[in-house]
Amino acid sequence: AKETGKARCVVYSARLSGPPEHDISLEAAMFQAVREGEFMLYYQPIVDARTREIEGFETLMRWKHPTLGMVPPVRFIPIAETNGLINLLGAWALKAACVQLKQFEEVAKRPLYISVNISPRQFRNDKFLDVLDDAMAFSGLPGEQLVLEITEGTLMIDPAHAETILTRMAERKARIAIDDFGTGYSSLAYLKRFPISVLKIDRAFIRDLPGSQKDGAICNAVLDLAKHLDLSVVAEGVETEEQLAHLQERGCQYIQGYLTGKPMAAHVAMAALRERTYA
Ligand code: C2E
Ligand code: CA
Ligand code: CA
Ligand code: CA
């Protein structure tokens with residue numbers, strides 16, 4: 001049985017490393033997975049860089065396949081984006097995350113926020129605002145406690161449409177975060193044009209801190225820009241105390257990374273909140 005297990009593992013890992021567009025078997029498995037309820041949500045703490053208090057959580061989708069194990073989002077999100085399944089998965093994630101935040105708050109006994117990734121296709125979908133309204137109405141979560149993460153690419157596909165949608169989101173008081181900030185092809189002009197509240201510095205600029213002078217300069221520039229434009233900054237992918245200290249000394253207010261909390265199942269997140277509340 002051990003032998004079989006090993007062979008299987010090799011076969012599957014070979015398939016999982018192929019290009020997503022050729023992953024027809026994985027695509028078929030996704031439809032099955034939706035029916036079987038194999039998709040779930042993990043939550044990663046976003047903490048205050050100074051106090052390390054949990055301020056909110058980013059929602060990260062997981063696919064727990066019965067034989068493949070955990071299929072990472074980099075494998076299945078691109079497929080869902082291509083075949084449109086992202087609209088269904090994204091709507092479910094948004095609603096479930098809003099409901100989950102209410103439960104987190106009951107445990108924490110203080111307001112928190114929930115951050116949800118919105119894919120380009122989801123953002124451009126006609127029904128997106130209805131999906132947003134449905135999630136807020138169903139959960140009773142005020143817009144103030146919702147952050148929607150989009151990338152620069154999402155804004156650039158159709159800036160006029162993006163402006164309309166972002167304005168509608170702002171009317172609902174939901175905040176917009178630019179995910180992977182600095183990695184997309186776009187101009188800074190959109191920071192002026194669109195109602196944006198948060199910049200998330202991509203892990204690529206954090207990874208080699210504090211050693212890399214160039215990354216240090218880029219982070220300083222983003223922090224300075226954010227300060228003058230009155231935006232919040234979240235540094236992503238913080239893994240070491242040195243990185244945290246470096247960022248905190250330079251005025252970075254929020255941190256997200258393995259150092260202060262990996263993505264975790266909801267019940268684990270609740271235990272973390274409980275611990276801090278009663279510490
Ligand atoms: P992202 O939005 O940039 O999410 C951050 C990724 O960095 C997550 O990977 C997270 O687990 C990982 N991460 C966090 N802290 C650290 C760290 O300290 N070190 C390292 N090495 N990694 C860290 P994950 O969960 O595999 O998600 C990958 C991407 O898949 C996400 O990147 C996002 O683009 C997409 N994704 C995940 N969930 C959803 C979803 O519900 N909807 C949509 N549209 N996209 C999603
Ligand atoms: Ca994100
Ligand atoms: Ca990111
Ligand atoms: Ca990323």
# chains A, B, ... in the order shown; residues from 1 in each chain; ligands from 1
>>> closest_atom_pairs(of="chain A", to="ligand 4", cutoff="10 Å", atoms="only C-alpha atoms and all ligand atoms", output="JSON lines")
{"residue": "A:Val74", "atom": "CA", "partner": "ligand 4", "partner_atom_place_in_ligand_line": "1 (Ca)", "distance": 9.6}
{"residue": "A:Thr151", "atom": "CA", "partner": "ligand 4", "partner_atom_place_in_ligand_line": "1 (Ca)", "distance": 9.2}
{"residue": "A:Asp179", "atom": "CA", "partner": "ligand 4", "partner_atom_place_in_ligand_line": "1 (Ca)", "distance": 7.1}
{"residue": "A:Asp180", "atom": "CA", "partner": "ligand 4", "partner_atom_place_in_ligand_line": "1 (Ca)", "distance": 5.3}
{"residue": "A:Phe181", "atom": "CA", "partner": "ligand 4", "partner_atom_place_in_ligand_line": "1 (Ca)", "distance": 9.1}
{"residue": "A:Thr183", "atom": "CA", "partner": "ligand 4", "partner_atom_place_in_ligand_line": "1 (Ca)", "distance": 9.0}
{"residue": "A:Lys200", "atom": "CA", "partner": "ligand 4", "partner_atom_place_in_ligand_line": "1 (Ca)", "distance": 9.4}
{"residue": "A:Ile201", "atom": "CA", "partner": "ligand 4", "partner_atom_place_in_ligand_line": "1 (Ca)", "distance": 9.3}
{"residue": "A:Asp202", "atom": "CA", "partner": "ligand 4", "partner_atom_place_in_ligand_line": "1 (Ca)", "distance": 6.2}
{"residue": "A:Arg203", "atom": "CA", "partner": "ligand 4", "partner_atom_place_in_ligand_line": "1 (Ca)", "distance": 7.0}
{"residue": "A:Ala204", "atom": "CA", "partner": "ligand 4", "partner_atom_place_in_ligand_line": "1 (Ca)", "distance": 8.5}
{"residue": "A:Glu236", "atom": "CA", "partner": "ligand 4", "partner_atom_place_in_ligand_line": "1 (Ca)", "distance": 8.4}
{"residue": "A:Gly237", "atom": "CA", "partner": "ligand 4", "partner_atom_place_in_ligand_line": "1 (Ca)", "distance": 9.0}
>>> write_last_selection(atoms="all heavy atoms", output="mmCIF file, in the first residue's frame")
data_model
loop_
_atom_site.group_PDB
_atom_site.id
_atom_site.type_symbol
_atom_site.label_atom_id
_atom_site.label_comp_id
_atom_site.auth_asym_id
_atom_site.auth_seq_id
_atom_site.Cartn_x
_atom_site.Cartn_y
_atom_site.Cartn_z
ATOM 1 N N VAL A 74 -2.963 28.802 -6.755
ATOM 2 C CA VAL A 74 -2.268 29.120 -8.020
ATOM 3 C C VAL A 74 -2.577 28.084 -9.093
ATOM 4 O O VAL A 74 -2.427 28.350 -10.275
ATOM 5 C CB VAL A 74 -0.726 29.244 -7.871
ATOM 6 C CG1 VAL A 74 -0.368 30.501 -7.095
ATOM 7 C CG2 VAL A 74 -0.109 28.020 -7.219
ATOM 8 N N THR A 151 -6.260 43.702 -8.097
ATOM 9 C CA THR A 151 -4.903 44.003 -8.574
ATOM 10 C C THR A 151 -4.938 45.193 -9.537
ATOM 11 O O THR A 151 -6.006 45.581 -10.036
ATOM 12 C CB THR A 151 -4.279 42.802 -9.302
ATOM 13 O OG1 THR A 151 -5.090 42.505 -10.435
ATOM 14 C CG2 THR A 151 -4.184 41.582 -8.399
ATOM 15 N N ASP A 179 -3.883 44.900 -4.364
ATOM 16 C CA ASP A 179 -3.119 43.700 -4.027
ATOM 17 C C ASP A 179 -1.845 43.654 -4.859
ATOM 18 O O ASP A 179 -1.825 44.141 -5.994
ATOM 19 C CB ASP A 179 -3.990 42.475 -4.346
ATOM 20 C CG ASP A 179 -3.620 41.260 -3.531
ATOM 21 O OD1 ASP A 179 -2.646 41.315 -2.751
ATOM 22 O OD2 ASP A 179 -4.326 40.241 -3.673
ATOM 23 N N ASP A 180 -0.791 43.072 -4.301
ATOM 24 C CA ASP A 180 0.478 42.906 -5.026
ATOM 25 C C ASP A 180 0.971 44.242 -5.581
ATOM 26 O O ASP A 180 1.488 44.304 -6.707
ATOM 27 C CB ASP A 180 0.328 41.903 -6.185
ATOM 28 C CG ASP A 180 -0.264 40.576 -5.735
ATOM 29 O OD1 ASP A 180 -0.203 40.263 -4.539
ATOM 30 O OD2 ASP A 180 -0.808 39.854 -6.601
ATOM 31 N N PHE A 181 0.792 45.298 -4.792
ATOM 32 C CA PHE A 181 1.108 46.642 -5.283
ATOM 33 C C PHE A 181 2.540 46.739 -5.794
ATOM 34 O O PHE A 181 3.475 46.291 -5.141
ATOM 35 C CB PHE A 181 0.882 47.683 -4.178
ATOM 36 C CG PHE A 181 1.142 49.096 -4.627
ATOM 37 C CD1 PHE A 181 0.270 49.725 -5.502
ATOM 38 C CD2 PHE A 181 2.267 49.787 -4.203
ATOM 39 C CE1 PHE A 181 0.504 51.029 -5.943
ATOM 40 C CE2 PHE A 181 2.515 51.093 -4.638
ATOM 41 C CZ PHE A 181 1.630 51.706 -5.511
ATOM 42 N N THR A 183 3.626 45.407 -8.662
ATOM 43 C CA THR A 183 4.039 44.316 -9.556
ATOM 44 C C THR A 183 3.302 44.348 -10.894
ATOM 45 O O THR A 183 3.667 43.633 -11.812
ATOM 46 C CB THR A 183 3.794 42.924 -8.933
ATOM 47 O OG1 THR A 183 2.393 42.752 -8.734
ATOM 48 C CG2 THR A 183 4.531 42.781 -7.604
ATOM 49 N N LYS A 200 -1.267 47.023 -0.647
ATOM 50 C CA LYS A 200 -0.617 45.829 -0.106
ATOM 51 C C LYS A 200 0.710 45.643 -0.843
ATOM 52 O O LYS A 200 0.718 45.352 -2.049
ATOM 53 C CB LYS A 200 -1.521 44.600 -0.253
ATOM 54 C CG LYS A 200 -2.829 44.751 0.540
ATOM 55 C CD LYS A 200 -3.583 43.433 0.655
ATOM 56 C CE LYS A 200 -2.975 42.518 1.693
ATOM 57 N NZ LYS A 200 -3.825 41.321 1.934
ATOM 58 N N ILE A 201 1.812 45.825 -0.119
ATOM 59 C CA ILE A 201 3.136 45.677 -0.748
ATOM 60 C C ILE A 201 3.396 44.201 -0.987
ATOM 61 O O ILE A 201 3.338 43.388 -0.057
ATOM 62 C CB ILE A 201 4.266 46.251 0.128
ATOM 63 C CG1 ILE A 201 3.988 47.708 0.505
ATOM 64 C CG2 ILE A 201 5.612 46.134 -0.597
ATOM 65 C CD1 ILE A 201 5.099 48.344 1.360
ATOM 66 N N ASP A 202 3.675 43.854 -2.216
ATOM 67 C CA ASP A 202 3.888 42.456 -2.580
ATOM 68 C C ASP A 202 5.087 41.856 -1.854
ATOM 69 O O ASP A 202 6.077 42.530 -1.583
ATOM 70 C CB ASP A 202 4.085 42.334 -4.092
ATOM 71 C CG ASP A 202 3.997 40.888 -4.548
ATOM 72 O OD1 ASP A 202 2.868 40.359 -4.567
ATOM 73 O OD2 ASP A 202 5.044 40.283 -4.847
ATOM 74 N N ARG A 203 4.975 40.583 -1.578
ATOM 75 C CA ARG A 203 6.019 39.825 -0.904
ATOM 76 C C ARG A 203 7.377 39.916 -1.613
ATOM 77 O O ARG A 203 8.424 39.823 -0.983
ATOM 78 C CB ARG A 203 5.589 38.355 -0.827
ATOM 79 C CG ARG A 203 6.455 37.482 0.051
ATOM 80 C CD ARG A 203 5.796 36.131 0.245
ATOM 81 N NE ARG A 203 5.883 35.293 -0.944
ATOM 82 C CZ ARG A 203 6.907 34.486 -1.229
ATOM 83 N NH1 ARG A 203 7.919 34.396 -0.402
ATOM 84 N NH2 ARG A 203 6.900 33.745 -2.319
ATOM 85 N N ALA A 204 7.341 40.102 -2.922
ATOM 86 C CA ALA A 204 8.586 40.205 -3.698
ATOM 87 C C ALA A 204 9.473 41.340 -3.184
ATOM 88 O O ALA A 204 10.698 41.259 -3.278
ATOM 89 C CB ALA A 204 8.257 40.427 -5.181
ATOM 90 N N GLU A 236 3.017 42.438 2.868
ATOM 91 C CA GLU A 236 2.682 41.023 2.723
ATOM 92 C C GLU A 236 3.915 40.132 2.842
ATOM 93 O O GLU A 236 5.017 40.540 2.475
ATOM 94 C CB GLU A 236 2.103 40.752 1.329
ATOM 95 C CG GLU A 236 0.778 41.383 1.044
ATOM 96 C CD GLU A 236 0.198 40.814 -0.248
ATOM 97 O OE1 GLU A 236 0.704 41.143 -1.332
ATOM 98 O OE2 GLU A 236 -0.748 40.043 -0.144
ATOM 99 N N GLY A 237 3.714 38.916 3.299
ATOM 100 C CA GLY A 237 4.787 37.925 3.273
ATOM 101 C C GLY A 237 5.908 38.192 4.258
ATOM 102 O O GLY A 237 7.065 37.856 4.003
#
>>> closest_atom_pairs(of="chain A", to="ligand 1", cutoff="8 Å", atoms="only C-alpha atoms and all ligand atoms", output="CSV")
residue,atom,partner,partner_atom_place_in_ligand_line,distance
A:Leu41,CA,ligand 1,41 (O),7.4
A:Tyr42,CA,ligand 1,25 (O),7.9
A:Gln44,CA,ligand 1,14 (C),7.2
A:Glu58,CA,ligand 1,4 (O),7.9
A:Thr59,CA,ligand 1,41 (O),6.1
A:Leu60,CA,ligand 1,38 (N),3.7
A:Met61,CA,ligand 1,38 (N),3.9
A:Arg62,CA,ligand 1,38 (N),7.0
A:Pro72,CA,ligand 1,26 (O),5.5
A:Pro73,CA,ligand 1,30 (O),4.5
A:Val74,CA,ligand 1,30 (O),5.2
A:Ile77,CA,ligand 1,45 (N),6.1
A:Ile86,CA,ligand 1,44 (N),7.0
A:Leu89,CA,ligand 1,41 (O),7.5
A:Gly90,CA,ligand 1,42 (N),5.8
A:Ala93,CA,ligand 1,41 (O),6.0
A:Leu94,CA,ligand 1,41 (O),7.9
A:Val116,CA,ligand 1,41 (O),6.5
A:Asn117,CA,ligand 1,42 (N),4.5
A:Ile118,CA,ligand 1,44 (N),4.6
A:Ser119,CA,ligand 1,44 (N),3.9
A:Pro120,CA,ligand 1,44 (N),7.7
A:Gln122,CA,ligand 1,44 (N),7.7
A:Glu149,CA,ligand 1,2 (O),7.5
A:Asp179,CA,ligand 1,3 (O),6.4
A:Asp180,CA,ligand 1,3 (O),5.9
A:Asp202,CA,ligand 1,3 (O),7.1
A:Arg203,CA,ligand 1,19 (N),7.3
A:Glu236,CA,ligand 1,15 (N),6.1
A:Gly237,CA,ligand 1,18 (O),3.4
A:Val238,CA,ligand 1,18 (O),4.6
A:Glu239,CA,ligand 1,18 (O),4.6
A:Gln256,CA,ligand 1,15 (N),6.0
A:Gly257,CA,ligand 1,18 (O),3.5
A:Tyr258,CA,ligand 1,18 (O),3.8
A:Leu259,CA,ligand 1,18 (O),6.3
A:Gly261,CA,ligand 1,15 (N),7.7
A:Lys262,CA,ligand 1,15 (N),6.2
A:Pro263,CA,ligand 1,11 (O),5.7
>>> residues_around(residues="segment 219-233 of chain A", least_positions_apart="6", cutoff="9 Å", atoms="only C-alpha atoms", output="VMD selection string")
chain A and resid 177 181 to 182 191 to 192 196 to 201 205 to 206 247 250 to 255
>>> select_by_dssp(residues="segment 103-233 of chain A", states="strand (DSSP E or B)", output="VMD selection string")
chain A and resid 113 to 117 146 to 151 175 to 181 198 to 201 232 to 233
>>> write_last_selection(atoms="N, CA, C and O atoms", output="compact mmCIF listing (two decimals), in the first residue's frame")
# COMPACT_ATOMS: atom_id res chain seq x y z
N TYR A 113 -11.96 43.39 10.60
CA TYR A 113 -12.41 43.48 9.21
C TYR A 113 -12.04 42.23 8.44
O TYR A 113 -11.17 41.45 8.87
N ILE A 114 -12.71 42.04 7.33
CA ILE A 114 -12.43 40.89 6.49
C ILE A 114 -12.03 41.39 5.10
O ILE A 114 -12.65 42.30 4.56
N SER A 115 -10.97 40.81 4.57
CA SER A 115 -10.45 41.20 3.27
C SER A 115 -10.67 40.03 2.32
O SER A 115 -10.32 38.90 2.63
N VAL A 116 -11.25 40.31 1.16
CA VAL A 116 -11.59 39.24 0.23
C VAL A 116 -11.01 39.54 -1.15
O VAL A 116 -11.14 40.67 -1.65
N ASN A 117 -10.37 38.55 -1.75
CA ASN A 117 -9.80 38.71 -3.10
C ASN A 117 -10.91 38.68 -4.15
O ASN A 117 -11.75 37.78 -4.14
N LEU A 146 -15.48 45.65 5.47
CA LEU A 146 -15.17 44.81 4.32
C LEU A 146 -14.10 45.49 3.47
O LEU A 146 -14.21 46.67 3.14
N VAL A 147 -13.06 44.72 3.14
CA VAL A 147 -12.03 45.20 2.22
C VAL A 147 -12.02 44.27 1.01
O VAL A 147 -12.05 43.05 1.15
N LEU A 148 -12.03 44.85 -0.18
CA LEU A 148 -12.00 44.05 -1.39
C LEU A 148 -10.64 44.25 -2.04
O LEU A 148 -10.23 45.37 -2.31
N GLU A 149 -9.93 43.14 -2.24
CA GLU A 149 -8.58 43.19 -2.81
C GLU A 149 -8.64 42.97 -4.31
O GLU A 149 -9.10 41.93 -4.76
N ILE A 150 -8.15 43.95 -5.04
CA ILE A 150 -8.06 43.80 -6.50
C ILE A 150 -6.63 44.15 -6.92
O ILE A 150 -5.91 44.80 -6.18
N THR A 151 -6.26 43.70 -8.10
CA THR A 151 -4.90 44.00 -8.57
C THR A 151 -4.94 45.19 -9.54
O THR A 151 -6.01 45.58 -10.04
N ARG A 175 -13.97 49.16 1.56
CA ARG A 175 -12.66 49.70 1.19
C ARG A 175 -12.02 48.88 0.09
O ARG A 175 -12.24 47.67 0.01
N ILE A 176 -11.22 49.55 -0.72
CA ILE A 176 -10.54 48.88 -1.82
C ILE A 176 -9.05 48.81 -1.49
O ILE A 176 -8.43 49.82 -1.16
N ALA A 177 -8.51 47.60 -1.61
CA ALA A 177 -7.06 47.42 -1.45
C ALA A 177 -6.46 47.04 -2.79
O ALA A 177 -7.04 46.26 -3.54
N ILE A 178 -5.30 47.62 -3.09
CA ILE A 178 -4.56 47.20 -4.28
C ILE A 178 -3.60 46.09 -3.85
O ILE A 178 -2.69 46.31 -3.06
N ASP A 179 -3.88 44.90 -4.36
CA ASP A 179 -3.12 43.70 -4.03
C ASP A 179 -1.85 43.65 -4.86
O ASP A 179 -1.82 44.14 -5.99
N ASP A 180 -0.79 43.07 -4.30
CA ASP A 180 0.48 42.91 -5.03
C ASP A 180 0.97 44.24 -5.58
O ASP A 180 1.49 44.30 -6.71
N PHE A 181 0.79 45.30 -4.79
CA PHE A 181 1.11 46.64 -5.28
C PHE A 181 2.54 46.74 -5.79
O PHE A 181 3.47 46.29 -5.14
N VAL A 198 -6.23 51.14 0.58
CA VAL A 198 -5.14 50.31 1.11
C VAL A 198 -4.18 49.89 -0.02
O VAL A 198 -4.63 49.54 -1.11
N LEU A 199 -2.88 49.92 0.26
CA LEU A 199 -1.89 49.34 -0.64
C LEU A 199 -1.28 48.13 0.05
O LEU A 199 -0.84 48.23 1.19
N LYS A 200 -1.27 47.02 -0.65
CA LYS A 200 -0.62 45.83 -0.11
C LYS A 200 0.71 45.64 -0.84
O LYS A 200 0.72 45.35 -2.05
N ILE A 201 1.81 45.82 -0.12
CA ILE A 201 3.14 45.68 -0.75
C ILE A 201 3.40 44.20 -0.99
O ILE A 201 3.34 43.39 -0.06
N SER A 232 -3.67 53.36 3.78
CA SER A 232 -3.02 52.42 4.69
C SER A 232 -2.13 51.49 3.89
O SER A 232 -2.36 51.26 2.71
N VAL A 233 -1.13 50.93 4.55
CA VAL A 233 -0.23 49.98 3.90
C VAL A 233 -0.20 48.68 4.69
O VAL A 233 -0.10 48.69 5.91
>>> atom_distance(atom1="atom CA of His65 of chain A", atom2="atom CA of Phe104 of chain A")
26.4 Å
>>> residues_around(residues="Arg276 of chain A", least_positions_apart="6", cutoff="12 Å", atoms="only C-alpha atoms", output="PyMOL selection string")
chain A and resi 51-55+107-110+269-270
>>> write_last_selection(atoms="C-alpha atoms", output="compact mmCIF listing (two decimals), in the first residue's frame")
# COMPACT_ATOMS: atom_id res chain seq x y z
CA THR A 51 1.19 45.74 18.90
CA ARG A 52 0.73 42.60 16.76
CA GLU A 53 -2.95 42.80 17.60
CA ILE A 54 -5.15 41.16 14.96
CA GLU A 55 -6.99 43.87 13.00
CA VAL A 107 -15.09 35.72 19.99
CA ALA A 108 -12.79 38.76 19.82
CA LYS A 109 -15.39 41.09 21.36
CA ARG A 110 -14.20 43.97 19.20
CA ALA A 269 -8.43 31.56 13.85
CA MET A 270 -11.07 31.63 16.56
>>> closest_residue(among="A:Phe31, A:Phe57, A:Leu101, A:Glu106", to="Ala80 of chain A", atoms="only C-alpha atoms")
A:Phe31
>>> residues_around(residues="segment 128-145 of chain A", least_positions_apart="2", cutoff="9 Å", atoms="only C-alpha atoms", output="VMD selection string")
chain A and resid 56 87 91 to 92 94 to 102 111 to 115 122 to 126 147 165 168 to 175
>>> residues_around(residues="Phe76 of chain A", least_positions_apart="5", cutoff="9 Å", atoms="only C-alpha atoms", output="MDAnalysis selection string")
chainID A and resid 20 26:27 30 63 71 81
>>> closest_residue(among="A:Glu152, A:Asp23, A:Ala28, A:Leu85", to="ligand 2", atoms="only C-alpha atoms and all ligand atoms")
A:Glu152
>>> atom_distance(atom1="atom CA of Pro78 of chain A", atom2="atom CA of Arg121 of chain A")
10.5 Å
>>> closest_residue(among="A:Pro195, A:Gly211, A:Gly69, A:Gly184", to="ligand 3", atoms="only C-alpha atoms and all ligand atoms")
A:Gly184
